[in-house]
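So this one's query-v6.tsv, TSV, C-alpha atoms:
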chain	number	residue	atom	x	y	z
A	994	MET	CA	2.35	35.20	28.79
A	995	ASN	CA	2.07	35.39	32.59
A	996	GLU	CA	5.01	34.32	34.74
A	997	ALA	CA	5.97	34.10	38.38
A	998	THR	CA	9.63	33.32	38.97
A	999	THR	CA	11.37	31.00	41.42
A	1000	THR	CA	15.12	30.57	41.53
A	1001	THR	CA	17.60	27.92	42.60
A	1002	ALA	CA	20.76	29.93	43.17
A	1003	GLY	CA	23.57	29.26	40.76
A	1004	VAL	CA	21.80	26.41	39.00
A	1005	MET	CA	18.64	27.52	37.22
A	1006	THR	CA	15.57	29.72	37.18
A	1007	GLN	CA	12.10	28.20	36.94
A	1008	ALA	CA	8.98	30.11	35.93
A	1009	PRO	CA	5.37	28.95	35.54
A	1010	VAL	CA	3.90	30.23	32.30
A	1011	LEU	CA	0.48	30.44	30.66
A	1012	PHE	CA	0.46	30.31	26.86
A	1013	GLY	CA	-1.42	29.21	23.78
A	1014	PRO	CA	-4.89	30.38	22.65
A	1015	GLY	CA	-6.43	32.38	25.46
A	1016	ASP	CA	-3.54	31.40	27.77
A	1017	ALA	CA	-5.24	28.02	28.10
A	1018	LEU	CA	-2.02	26.02	28.44
A	1019	MET	CA	0.13	25.74	31.56
A	1020	GLY	CA	3.81	24.93	31.73
A	1021	MET	CA	7.08	25.46	33.59
A	1022	LEU	CA	10.08	27.09	31.94
A	1023	THR	CA	13.50	26.07	33.23
A	1024	ARG	CA	16.38	28.41	32.38
A	1025	PRO	CA	19.96	27.37	33.18
A	1026	ALA	CA	22.02	29.83	35.18
A	1027	GLN	CA	24.77	29.54	32.57
A	1028	PRO	CA	23.18	28.71	29.19
A	1029	ALA	CA	25.38	26.69	26.88
A	1030	PRO	CA	25.99	28.03	23.37
A	1031	GLY	CA	23.31	27.00	20.92
A	1032	ASP	CA	19.69	27.59	20.04
A	1033	THR	CA	18.08	24.26	20.95
A	1034	ALA	CA	15.75	23.61	23.91
A	1035	CYS	CA	13.87	20.58	25.20
A	1036	LEU	CA	10.09	20.07	25.44
A	1037	MET	CA	8.50	17.58	27.86
A	1038	PHE	CA	4.80	16.88	28.35
A	1039	ASN	CA	2.30	14.36	29.67
A	1040	MET	CA	2.61	10.60	29.70
A	1041	GLY	CA	-1.02	9.58	29.25
A	1042	ALA	CA	-3.10	11.40	31.87
A	1043	ASN	CA	-0.11	12.06	34.11
A	1044	HIS	CA	0.61	15.64	35.14
A	1045	ARG	CA	3.41	17.42	33.26
A	1046	VAL	CA	5.89	16.52	36.02
A	1047	GLY	CA	5.84	13.00	34.58
A	1048	PRO	CA	5.67	9.66	36.42
A	1049	ARG	CA	7.67	9.92	39.66
A	1050	ARG	CA	8.49	13.52	38.68
A	1051	ILE	CA	10.84	12.24	35.99
A	1052	ASN	CA	10.32	15.30	33.77
A	1053	VAL	CA	11.24	17.61	36.65
A	1054	LYS	CA	14.42	15.64	37.30
A	1055	LEU	CA	15.27	15.64	33.61
A	1056	ALA	CA	14.71	19.41	33.35
A	1057	HIS	CA	17.04	20.00	36.31
A	1058	LEU	CA	19.68	17.69	34.88
A	1059	LEU	CA	19.56	19.49	31.54
A	1060	ALA	CA	19.73	22.90	33.23
A	1061	ALA	CA	22.93	21.83	34.99
A	1062	ARG	CA	24.36	21.23	31.52
A	1063	GLY	CA	23.24	24.58	30.19
A	1064	VAL	CA	20.08	23.42	28.36
A	1065	GLY	CA	16.74	25.20	28.79
A	1066	SER	CA	13.42	23.38	28.73
A	1067	LEU	CA	9.65	23.71	28.94
A	1068	ARG	CA	7.53	21.01	30.52
A	1069	PHE	CA	3.81	21.53	30.04
A	1070	ASP	CA	0.35	19.99	30.06
A	1071	LEU	CA	-1.36	19.30	26.75
A	1072	GLY	CA	-4.74	20.94	26.32
A	1073	GLY	CA	-7.33	19.21	28.49
A	1074	ILE	CA	-4.84	17.50	30.82
A	1075	GLY	CA	-3.42	18.56	34.18
A	1076	ASP	CA	-3.52	22.33	34.61
A	1077	SER	CA	-4.21	23.10	30.95
A	1078	GLU	CA	-7.66	23.87	29.65
A	1079	ALA	CA	-8.97	22.03	26.60
A	1080	LEU	CA	-8.25	23.67	23.26
A	1081	ALA	CA	-11.17	24.09	20.87
A	1082	THR	CA	-8.87	24.02	17.83
A	1083	SER	CA	-9.92	20.64	16.41
A	1084	SER	CA	-12.18	17.68	17.08
A	1085	ASP	CA	-9.22	15.34	16.54
A	1086	LEU	CA	-7.21	14.49	19.65
A	1087	HIS	CA	-3.85	14.22	17.91
A	1088	VAL	CA	-4.33	17.45	15.99
A	1089	ARG	CA	-5.06	19.23	19.28
A	1090	ALA	CA	-1.91	17.70	20.79
A	1091	VAL	CA	0.16	19.02	17.87
A	1092	HIS	CA	-1.39	22.46	18.36
A	1093	SER	CA	-0.32	22.35	22.03
A	1094	LEU	CA	3.22	21.34	21.07
A	1095	LYS	CA	3.50	24.08	18.45
A	1096	ALA	CA	2.27	26.65	20.97
A	1097	ALA	CA	4.92	25.37	23.41
A	1098	MET	CA	7.59	25.86	20.74
A	1099	ASP	CA	6.40	29.41	20.10
A	1100	THR	CA	6.59	30.18	23.82
A	1101	ALA	CA	10.01	28.59	24.34
A	1102	GLU	CA	11.27	30.44	21.27
A	1103	ARG	CA	10.33	33.78	22.83
A	1104	ALA	CA	11.31	32.96	26.40
A	1105	LEU	CA	14.45	30.87	25.88
A	1106	GLY	CA	15.66	32.15	22.53
A	1107	ALA	CA	15.40	28.64	21.09
A	1108	ARG	CA	14.95	28.08	17.37
A	1109	GLN	CA	15.13	24.28	17.42
A	1110	PHE	CA	13.66	21.67	19.75
A	1111	VAL	CA	14.19	18.19	21.10
A	1112	ILE	CA	10.92	16.58	22.24
A	1113	VAL	CA	10.78	13.85	24.89
A	1114	GLY	CA	7.69	11.66	24.38
A	1115	MET	CA	6.62	8.79	26.65
A	1116	CYS	CA	4.02	6.10	25.93
A	1117	SER	CA	0.97	7.81	24.36
A	1118	GLY	CA	3.09	10.93	23.95
A	1119	VAL	CA	5.23	9.19	21.32
A	1120	GLU	CA	2.64	9.64	18.57
A	1121	HIS	CA	2.09	13.27	19.56
A	1122	ALA	CA	5.83	13.96	19.48
A	1123	MET	CA	6.26	12.32	16.10
A	1124	SER	CA	3.24	14.13	14.66
A	1125	ALA	CA	4.59	17.47	15.89
A	1126	ALA	CA	7.96	16.73	14.30
A	1127	LEU	CA	6.24	15.95	11.00
A	1128	ALA	CA	4.28	19.19	11.19
A	1129	ASP	CA	7.02	21.57	12.35
A	1130	ARG	CA	10.61	21.69	11.10
A	1131	ARG	CA	11.77	23.31	14.32
A	1132	VAL	CA	11.82	19.80	15.81
A	1133	VAL	CA	15.29	18.38	15.21
A	1134	ALA	CA	15.33	15.40	17.57
A	1135	LEU	CA	12.96	13.03	19.37
A	1136	SER	CA	13.52	10.86	22.44
A	1137	LEU	CA	10.71	8.27	22.46
A	1138	PHE	CA	10.05	5.91	25.37
A	1139	ASP	CA	7.80	2.82	25.20
A	1140	GLY	CA	5.97	3.88	22.08
A	1141	PHE	CA	5.08	1.72	19.10
A	1142	ALA	CA	6.43	-1.82	19.07
A	1143	PHE	CA	6.00	-4.53	16.44
A	1144	PRO	CA	7.82	-7.63	17.75
A	1145	GLU	CA	7.80	-10.55	15.35
A	1146	LEU	CA	6.63	-14.10	16.13
A	1147	ARG	CA	9.71	-15.38	17.97
A	1148	ALA	CA	9.90	-12.28	20.17
A	1149	ARG	CA	6.16	-12.45	20.96
A	1150	LEU	CA	6.35	-16.13	21.91
A	1151	GLU	CA	9.36	-15.60	24.16
A	1152	ARG	CA	7.75	-12.58	25.80
A	1153	ASN	CA	4.48	-14.41	26.48
A	1154	LEU	CA	6.28	-17.48	27.84
A	1155	ARG	CA	8.38	-15.41	30.22
A	1156	ARG	CA	5.30	-13.53	31.41
A	1157	ALA	CA	3.39	-16.76	31.98
A	1158	LEU	CA	6.22	-18.28	34.02
A	1159	ALA	CA	6.78	-15.16	36.09
A	1160	ALA	CA	3.17	-14.12	36.69
A	1161	PRO	CA	2.10	-16.59	39.42
A	1162	ALA	CA	5.00	-15.51	41.65
A	1163	HIS	CA	4.26	-11.81	41.34
A	1164	PRO	CA	2.39	-10.21	44.29
A	1165	SER	CA	-0.07	-8.50	41.92
A	1166	PHE	CA	-1.06	-11.73	40.15
A	1167	PRO	CA	-4.15	-12.63	42.24
A	1168	GLY	CA	-5.66	-9.16	41.85
A	1169	LYS	CA	-4.96	-8.99	38.13
A	1170	ALA	CA	-6.40	-12.47	37.58
A	1171	ARG	CA	-9.57	-11.53	39.48
A	1172	ARG	CA	-10.02	-8.31	37.47
A	1173	TRP	CA	-9.47	-10.16	34.20
A	1174	LEU	CA	-12.18	-12.68	35.10
A	1175	GLN	CA	-14.56	-9.88	36.11
A	1176	ARG	CA	-14.03	-7.99	32.84
A	1177	HIS	CA	-14.59	-11.06	30.70
A	1178	PHE	CA	-17.40	-12.84	32.55
A	1179	LEU	CA	-19.36	-10.28	34.56
A	1180	ARG	CA	-21.68	-7.86	32.79
A	1181	SER	CA	-21.26	-5.35	35.61
A	1182	HIS	CA	-17.67	-4.71	34.54
A	1183	SER	CA	-17.44	-2.81	31.28
A	1184	THR	CA	-14.86	-3.67	28.64
A	1185	THR	CA	-15.50	-0.47	26.70
A	1186	PRO	CA	-12.23	1.45	26.23
A	1187	MET	CA	-11.90	4.80	27.96
A	1188	PRO	CA	-12.33	7.84	25.71
A	1189	GLY	CA	-9.79	10.46	24.78
A	1190	PHE	CA	-6.11	9.69	25.22
A	1191	PHE	CA	-6.80	6.06	26.10
A	1192	ALA	CA	-8.90	4.99	23.12
A	1193	GLU	CA	-7.37	3.06	20.24
A	1194	ARG	CA	-8.28	4.83	17.03
A	1195	ARG	CA	-6.44	2.71	14.42
A	1196	ALA	CA	-5.99	-0.96	13.72
A	1197	PRO	CA	-2.48	-2.36	14.38
A	1198	GLU	CA	-1.90	-2.67	10.62
A	1199	ALA	CA	-2.72	1.00	10.13
A	1200	ASN	CA	-0.45	1.93	13.04
A	1201	GLU	CA	2.38	0.04	11.40
A	1202	ILE	CA	1.88	1.80	8.07
A	1203	TRP	CA	1.72	5.21	9.73
A	1204	PHE	CA	4.74	4.57	11.91
A	1205	GLY	CA	6.94	3.31	9.07
A	1206	ALA	CA	6.04	6.22	6.81
A	1207	ALA	CA	6.55	8.74	9.63
A	1208	LEU	CA	9.95	7.35	10.56
A	1209	GLN	CA	11.12	7.39	6.97
A	1210	ARG	CA	10.03	11.02	6.48
A	1211	LEU	CA	11.73	12.07	9.71
A	1212	ALA	CA	14.92	10.24	8.78
A	1213	GLU	CA	14.94	11.91	5.36
A	1214	ARG	CA	14.71	15.25	7.18
A	1215	ASN	CA	17.68	14.31	9.39
A	1216	VAL	CA	15.64	14.32	12.61
A	1217	ALA	CA	17.70	12.46	15.21
A	1218	MET	CA	15.73	9.79	17.10
A	1219	GLN	CA	16.30	7.85	20.29
A	1220	LEU	CA	14.01	4.86	20.82
A	1221	LEU	CA	13.82	3.36	24.31
A	1222	TYR	CA	11.90	0.33	25.55
A	1223	SER	CA	11.33	-0.73	29.17
A	1224	GLY	CA	11.96	-4.20	30.54
A	1225	SER	CA	8.68	-4.36	32.45
A	1226	LEU	CA	6.53	-3.73	29.39
A	1227	HIS	CA	8.45	-5.69	26.78
A	1228	VAL	CA	10.18	-8.23	29.08
A	1229	CYS	CA	12.90	-9.38	26.68
A	1230	ASP	CA	14.84	-8.17	23.67
A	1231	ARG	CA	17.48	-9.81	21.51
A	1232	GLY	CA	18.78	-7.11	19.27
A	1233	ARG	CA	16.05	-4.59	18.40
A	1234	ASP	CA	13.14	-7.02	18.74
A	1235	GLN	CA	10.60	-4.24	19.29
A	1236	LEU	CA	11.27	-2.86	15.82
A	1237	GLY	CA	10.35	-6.08	14.09
A	1238	ALA	CA	10.73	-5.82	10.31
A	1239	PHE	CA	11.54	-2.11	10.57
A	1240	ALA	CA	14.95	-2.97	12.03
A	1241	ARG	CA	15.99	-4.17	8.57
A	1242	LYS	CA	15.07	-0.92	6.82
A	1243	PRO	CA	18.02	1.23	5.66
A	1244	PHE	CA	16.78	4.37	7.40
A	1245	ALA	CA	16.54	2.47	10.70
A	1246	GLN	CA	20.32	2.38	10.93
A	1247	GLU	CA	20.43	6.10	11.72
A	1248	LEU	CA	18.42	5.69	14.92
A	1249	ARG	CA	19.53	5.06	18.50
A	1250	TYR	CA	17.85	2.01	20.02
A	1251	GLU	CA	18.05	0.91	23.64
A	1252	PHE	CA	16.30	-1.83	25.57
A	1253	LEU	CA	16.40	-0.82	29.25
A	1254	ALA	CA	15.80	-4.12	31.02
A	1255	GLU	CA	16.04	-2.62	34.53
A	1256	VAL	CA	13.64	0.25	33.79
A	1257	ASP	CA	9.90	-0.18	34.29
A	1258	HIS	CA	7.21	1.59	32.27
A	1259	THR	CA	6.57	4.28	34.90
A	1260	VAL	CA	10.19	4.49	36.18
A	1261	CYS	CA	9.20	3.48	39.72
A	1262	THR	CA	12.56	2.40	41.10
A	1263	ALA	CA	15.53	4.57	41.99
A	1264	ARG	CA	17.73	2.42	39.76
A	1265	GLY	CA	15.31	2.71	36.85
A	1266	GLN	CA	15.17	6.49	37.19
A	1267	GLN	CA	18.97	6.66	37.28
A	1268	LEU	CA	19.27	4.63	34.08
A	1269	PHE	CA	16.51	6.57	32.32
A	1270	LEU	CA	17.96	9.97	33.24
A	1271	ARG	CA	21.45	8.91	32.24
A	1272	SER	CA	20.34	7.66	28.84
A	1273	VAL	CA	17.83	10.40	27.98
A	1274	GLY	CA	19.73	13.19	29.71
A	1275	ASP	CA	23.01	12.44	27.92
A	1276	TRP	CA	21.35	12.03	24.54
A	1277	VAL	CA	19.11	15.09	24.76
A	1278	ALA	CA	21.91	17.30	26.06
A	1279	GLU	CA	24.15	16.21	23.22
A	1280	ARG	CA	21.44	16.90	20.66
A	1281	CYS	CA	20.87	20.34	22.15
A	1282	LEU	CA	24.55	21.23	22.28
A	1283	VAL	CA	25.60	20.07	18.80
A	1284	GLY	CA	24.96	22.23	15.73
A	1285	SER	CA	22.23	21.39	13.26
A	1286	THR	CA	24.84	20.20	10.76
A	1287	GLY	CA	25.81	16.62	11.26
A	1288	ARG	CA	22.86	16.09	13.59
A	1289	ARG	CA	21.75	12.92	11.90
A	1290	SER	CA	25.09	11.16	12.16
A	1291	GLN	CA	25.29	12.17	15.81
A	1292	GLY	CA	21.92	10.55	16.43
A	1293	SER	CA	23.48	7.10	16.53
A	1294	SER	CA	26.93	8.01	17.78
A	1295	ARG	CA	28.31	7.05	21.16
A	1296	ALA	CA	25.77	4.29	21.56
A	1297	PRO	CA	26.25	2.12	24.65
A	1298	ALA	CA	27.76	-1.28	24.11
A	1299	ASN	CA	24.46	-3.09	24.53
A	1300	ALA	CA	22.54	-0.77	22.21
A	1301	GLU	CA	22.25	-1.09	18.48
A	1302	PRO	CA	21.23	1.72	16.12
A	1303	ALA	CA	17.78	0.93	14.82
A	1304	MET	CA	14.30	2.13	14.28
A	1305	THR	CA	11.46	1.89	16.69
A	1306	THR	CA	8.14	0.35	16.17
A	1307	TRP	CA	4.83	1.40	17.52
A	1308	ALA	CA	2.33	-0.83	19.25
A	1309	ALA	CA	-0.56	1.06	20.77
A	1310	LEU	CA	-0.14	1.40	24.51
Kindly transcribe the structure held in the file into structure tokens.
Amino acid sequence: MNEATTTTAGVMTQAPVLFGPGDALMGMLTRPAQPAPGDTACLMFNMGANHRVGPRRINVKLAHLLAARGVGSLRFDLGGIGDSEALATSSDLHVRAVHSLKAAMDTAERALGARQFVIVGMCSGVEHAMSAALADRRVVALSLFDGFAFPELRARLERNLRRALAAPAHPSFPGKARRWLQRHFLRSHSTTPMPGFFAERRAPEANEIWFGAALQRLAERNVAMQLLYSGSLHVCDRGRDQLGAFARKPFAQELRYEFLAEVDHTVCTARGQQLFLRSVGDWVAERCLVGSTGRRSQGSSRAPANAEPAMTTWAAL
């Protein structure tokens, strides 16, 4: 493990670190100046092909916020993304992602003294985070943003109607309409999905089966879960719409669910970042600072007034 250290006086220490097989993976350890009691740290990684800093450096801001509360973290690039080299551990993308996450846990365990982990997963990272939690019992909590969603008929109709009414007035509408026509009617524009992290590998029905089974197993293991959905991607929500039929499952009641209407998918606005950091930062810090006992009941405690405990659904993004 190779490190070079930079310090923000009185607040935290940050250190770049190489780890994993052949030191192929790159990350940044953030140590609080005054660590809070406990043995839980936070892991953050890529959203799609974004660098480990996250969209609009949201992971950096979250790491600093957590450090101010005494929580250590490691933000890193999965193998083959950003500054990390590809891992030759498996031909399966999601297996390689789990290997990267397990290597990150091993490193944070040595460097931060952590024995348990909260993982923050965004968009495509949601499946990776859930898979890592299924594979490694050191994961005790997951904060999942804009992952799988299975809205039922009424929610889909309302969403599509609102999008149709709002689209013509949006500045990006002409360009999007032109690109849609080119993709569908011009042979020069390919409609083949991009490989790797951006390729759909399962049918929606298979996603739904996997997601439901994964959530139930994680709930049975008392893994706390926070499920967040953005207003720009899902447009509307009337009481856990994105969970669809899963919202009625008994184990869904242990989960924190929030629809963040003012937050967009890539947290572009200052207001959206403020809301995201407040929600995720508070929840992750609490998960890291509470003991492992009672963790499940704490997963849905102190929910905001407009949030209902529920289970998330996964629609491929």
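Residues with any atom within 12 Å of Arg1149 of chain A, counting all atoms listed in the file and excluding same-chain neighbours fewer than 2 positions away, are Ala1142, Phe1143, Pro1144, Glu1145, Leu1146, Arg1147, Glu1151, Arg1152, Asn1153, Leu1154, Arg1155, Arg1156, His1227, Val1228, Cys1229, Asp1230, Arg1231, Asp1234, Gln1235 and Gly1237 of chain A.
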(message) Excluding Leu1220 of chain A and its own-chain neighbours fewer than 3 positions away, which residues fall within 7 Å of it when counting only C-alpha atoms? Please give them as a PyMOL selection string.
(response) chain A and resi 1136-1138+1249-1251+1305
(request) Give me, please, the distance in Å between atom CA of Met1098 of chain A and atom CA of His1121 of chain A, quoted to one decimal. (result)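 Straight-line distance from atom CA of Met1098 of chain A to atom CA of His1121 of chain A works out to 13.8 Å.
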Residues near segment 1064-1069 of chain A, cut-off 7 Å, only C-alpha atoms, skip fewer than 5 positions along chain, as a PDB file with C-alpha atoms, in the frame of the given file:
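File written: part_16.pdb
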ATOM      1  CA  MET A1019       0.130  25.740  31.560  1.00  0.00           C
ATOM      2  CA  GLY A1020       3.810  24.930  31.730  1.00  0.00           C
ATOM      3  CA  MET A1021       7.080  25.460  33.590  1.00  0.00           C
ATOM      4  CA  LEU A1022      10.080  27.090  31.940  1.00  0.00           C
ATOM      5  CA  THR A1023      13.500  26.070  33.230  1.00  0.00           C
ATOM      6  CA  ARG A1024      16.380  28.410  32.380  1.00  0.00           C
ATOM      7  CA  PRO A1025      19.960  27.370  33.180  1.00  0.00           C
ATOM      8  CA  PRO A1028      23.180  28.710  29.190  1.00  0.00           C
ATOM      9  CA  ALA A1029      25.380  26.690  26.880  1.00  0.00           C
ATOM     10  CA  ALA A1034      15.750  23.610  23.910  1.00  0.00           C
ATOM     11  CA  CYS A1035      13.870  20.580  25.200  1.00  0.00           C
ATOM     12  CA  LEU A1036      10.090  20.070  25.440  1.00  0.00           C
ATOM     13  CA  MET A1037       8.500  17.580  27.860  1.00  0.00           C
ATOM     14  CA  PHE A1038       4.800  16.880  28.350  1.00  0.00           C
ATOM     15  CA  ARG A1045       3.410  17.420  33.260  1.00  0.00           C
ATOM     16  CA  ALA A1056      14.710  19.410  33.350  1.00  0.00           C
ATOM     17  CA  LEU A1059      19.560  19.490  31.540  1.00  0.00           C
ATOM     18  CA  ALA A1101      10.010  28.590  24.340  1.00  0.00           C
ATOM     19  CA  LEU A1105      14.450  30.870  25.880  1.00  0.00           C
ATOM     20  CA  ALA A1278      21.910  17.300  26.060  1.00  0.00           C
ATOM     21  CA  CYS A1281      20.870  20.340  22.150  1.00  0.00           C
TER      22      CYS A1281
END
(request) Have a look at A:Ser1077, A:Thr1033, A:Thr1006, A:Gln1246 and name the one nearest to Val1111 of chain A; count only C-alpha atoms. (result)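 Of the candidates, the smallest distance to Val1111 of chain A is held by A:Thr1033.
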(request) Take atom CA of Gly1232 of chain A and atom CA of Phe1252 of chain A and report the distance between them in Å, one decimal. (result)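 Separation between atom CA of Gly1232 of chain A and atom CA of Phe1252 of chain A: 8.6 Å.
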(request) Pick out the residues sitting within 10 Å of Arg1214 of chain A, and hand them over as a PyMOL selection string; count all atoms listed in the file, and ignore anything fewer than 5 positions along from it in its own chain. (result) chain A and resi 1126-1127+1130+1133+1208-1209+1289
(request) Point out the residue among A:Val1260, A:Ala1212, A:Leu1282, A:Met1005 with the least atom-to-atom distance to Asp1139 of chain A, counting only C-alpha atoms. (result)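 Under the stated criterion, the closest residue is A:Val1260.
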(message) My list of candidates is A:Lys1169, A:Arg1089, A:Arg1280, A:Ala1196. Which is closest to Val1216 of chain A when distances are computed with only C-alpha atoms?
(response) A:Arg1280
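Nearest residue to Gly1063 of chain A among A:Met1115, A:Gly1205, A:Val1277, A:Glu1102 is A:Val1277, counting all atoms listed in the file.
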(request) Please indicate the distance in Å from atom CA of Val1119 of chain A to atom CA of Gly1140 of chain A, rounded to one decimal place. (result)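 Going from atom CA of Val1119 of chain A over to atom CA of Gly1140 of chain A, I get 5.4 Å.
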Missing atoms of segment 1042-1053 of chain A rebuilt to N, CA, C and O atoms, written as a JSON list (two decimals), in the frame of the given file:
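Ended up saving to out_38.json:
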[["chain", "number", "residue", "atom", "x", "y", "z"],
["A", 1042, "ALA", "N", -2.39, 10.38, 31.09],
["A", 1042, "ALA", "CA", -3.10, 11.40, 31.87],
["A", 1042, "ALA", "C", -2.26, 11.94, 33.01],
["A", 1042, "ALA", "O", -2.75, 12.70, 33.84],
["A", 1043, "ASN", "N", -0.98, 11.55, 33.08],
["A", 1043, "ASN", "CA", -0.11, 12.06, 34.11],
["A", 1043, "ASN", "C", 0.09, 13.56, 33.97],
["A", 1043, "ASN", "O", 0.12, 14.09, 32.86],
["A", 1044, "HIS", "N", 0.27, 14.23, 35.10],
["A", 1044, "HIS", "CA", 0.61, 15.64, 35.14],
["A", 1044, "HIS", "C", 1.94, 15.86, 34.41],
["A", 1044, "HIS", "O", 2.72, 14.93, 34.21],
["A", 1045, "ARG", "N", 2.20, 17.11, 34.04],
["A", 1045, "ARG", "CA", 3.41, 17.42, 33.26],
["A", 1045, "ARG", "C", 4.71, 17.07, 33.98],
["A", 1045, "ARG", "O", 5.76, 16.99, 33.35],
["A", 1046, "VAL", "N", 4.66, 16.88, 35.30],
["A", 1046, "VAL", "CA", 5.89, 16.52, 36.02],
["A", 1046, "VAL", "C", 6.37, 15.13, 35.62],
["A", 1046, "VAL", "O", 7.53, 14.78, 35.83],
["A", 1047, "GLY", "N", 5.47, 14.33, 35.02],
["A", 1047, "GLY", "CA", 5.84, 13.00, 34.58],
["A", 1047, "GLY", "C", 5.73, 11.98, 35.71],
["A", 1047, "GLY", "O", 5.63, 12.35, 36.89],
["A", 1048, "PRO", "N", 5.74, 10.70, 35.38],
["A", 1048, "PRO", "CA", 5.67, 9.66, 36.42],
["A", 1048, "PRO", "C", 6.87, 9.77, 37.35],
["A", 1048, "PRO", "O", 8.01, 9.86, 36.91],
["A", 1049, "ARG", "N", 6.62, 9.78, 38.64],
["A", 1049, "ARG", "CA", 7.67, 9.92, 39.66],
["A", 1049, "ARG", "C", 8.51, 11.18, 39.44],
["A", 1049, "ARG", "O", 9.70, 11.20, 39.66],
["A", 1050, "ARG", "N", 7.86, 12.22, 38.90],
["A", 1050, "ARG", "CA", 8.49, 13.52, 38.68],
["A", 1050, "ARG", "C", 9.72, 13.41, 37.76],
["A", 1050, "ARG", "O", 10.65, 14.20, 37.85],
["A", 1051, "ILE", "N", 9.67, 12.48, 36.83],
["A", 1051, "ILE", "CA", 10.84, 12.24, 35.99],
["A", 1051, "ILE", "C", 11.13, 13.42, 35.07],
["A", 1051, "ILE", "O", 12.29, 13.72, 34.78],
["A", 1052, "ASN", "N", 10.08, 14.13, 34.63],
["A", 1052, "ASN", "CA", 10.32, 15.30, 33.77],
["A", 1052, "ASN", "C", 10.99, 16.43, 34.54],
["A", 1052, "ASN", "O", 11.82, 17.17, 33.99],
["A", 1053, "VAL", "N", 10.61, 16.60, 35.82],
["A", 1053, "VAL", "CA", 11.24, 17.61, 36.65],
["A", 1053, "VAL", "C", 12.73, 17.30, 36.81],
["A", 1053, "VAL", "O", 13.60, 18.17, 36.66]]
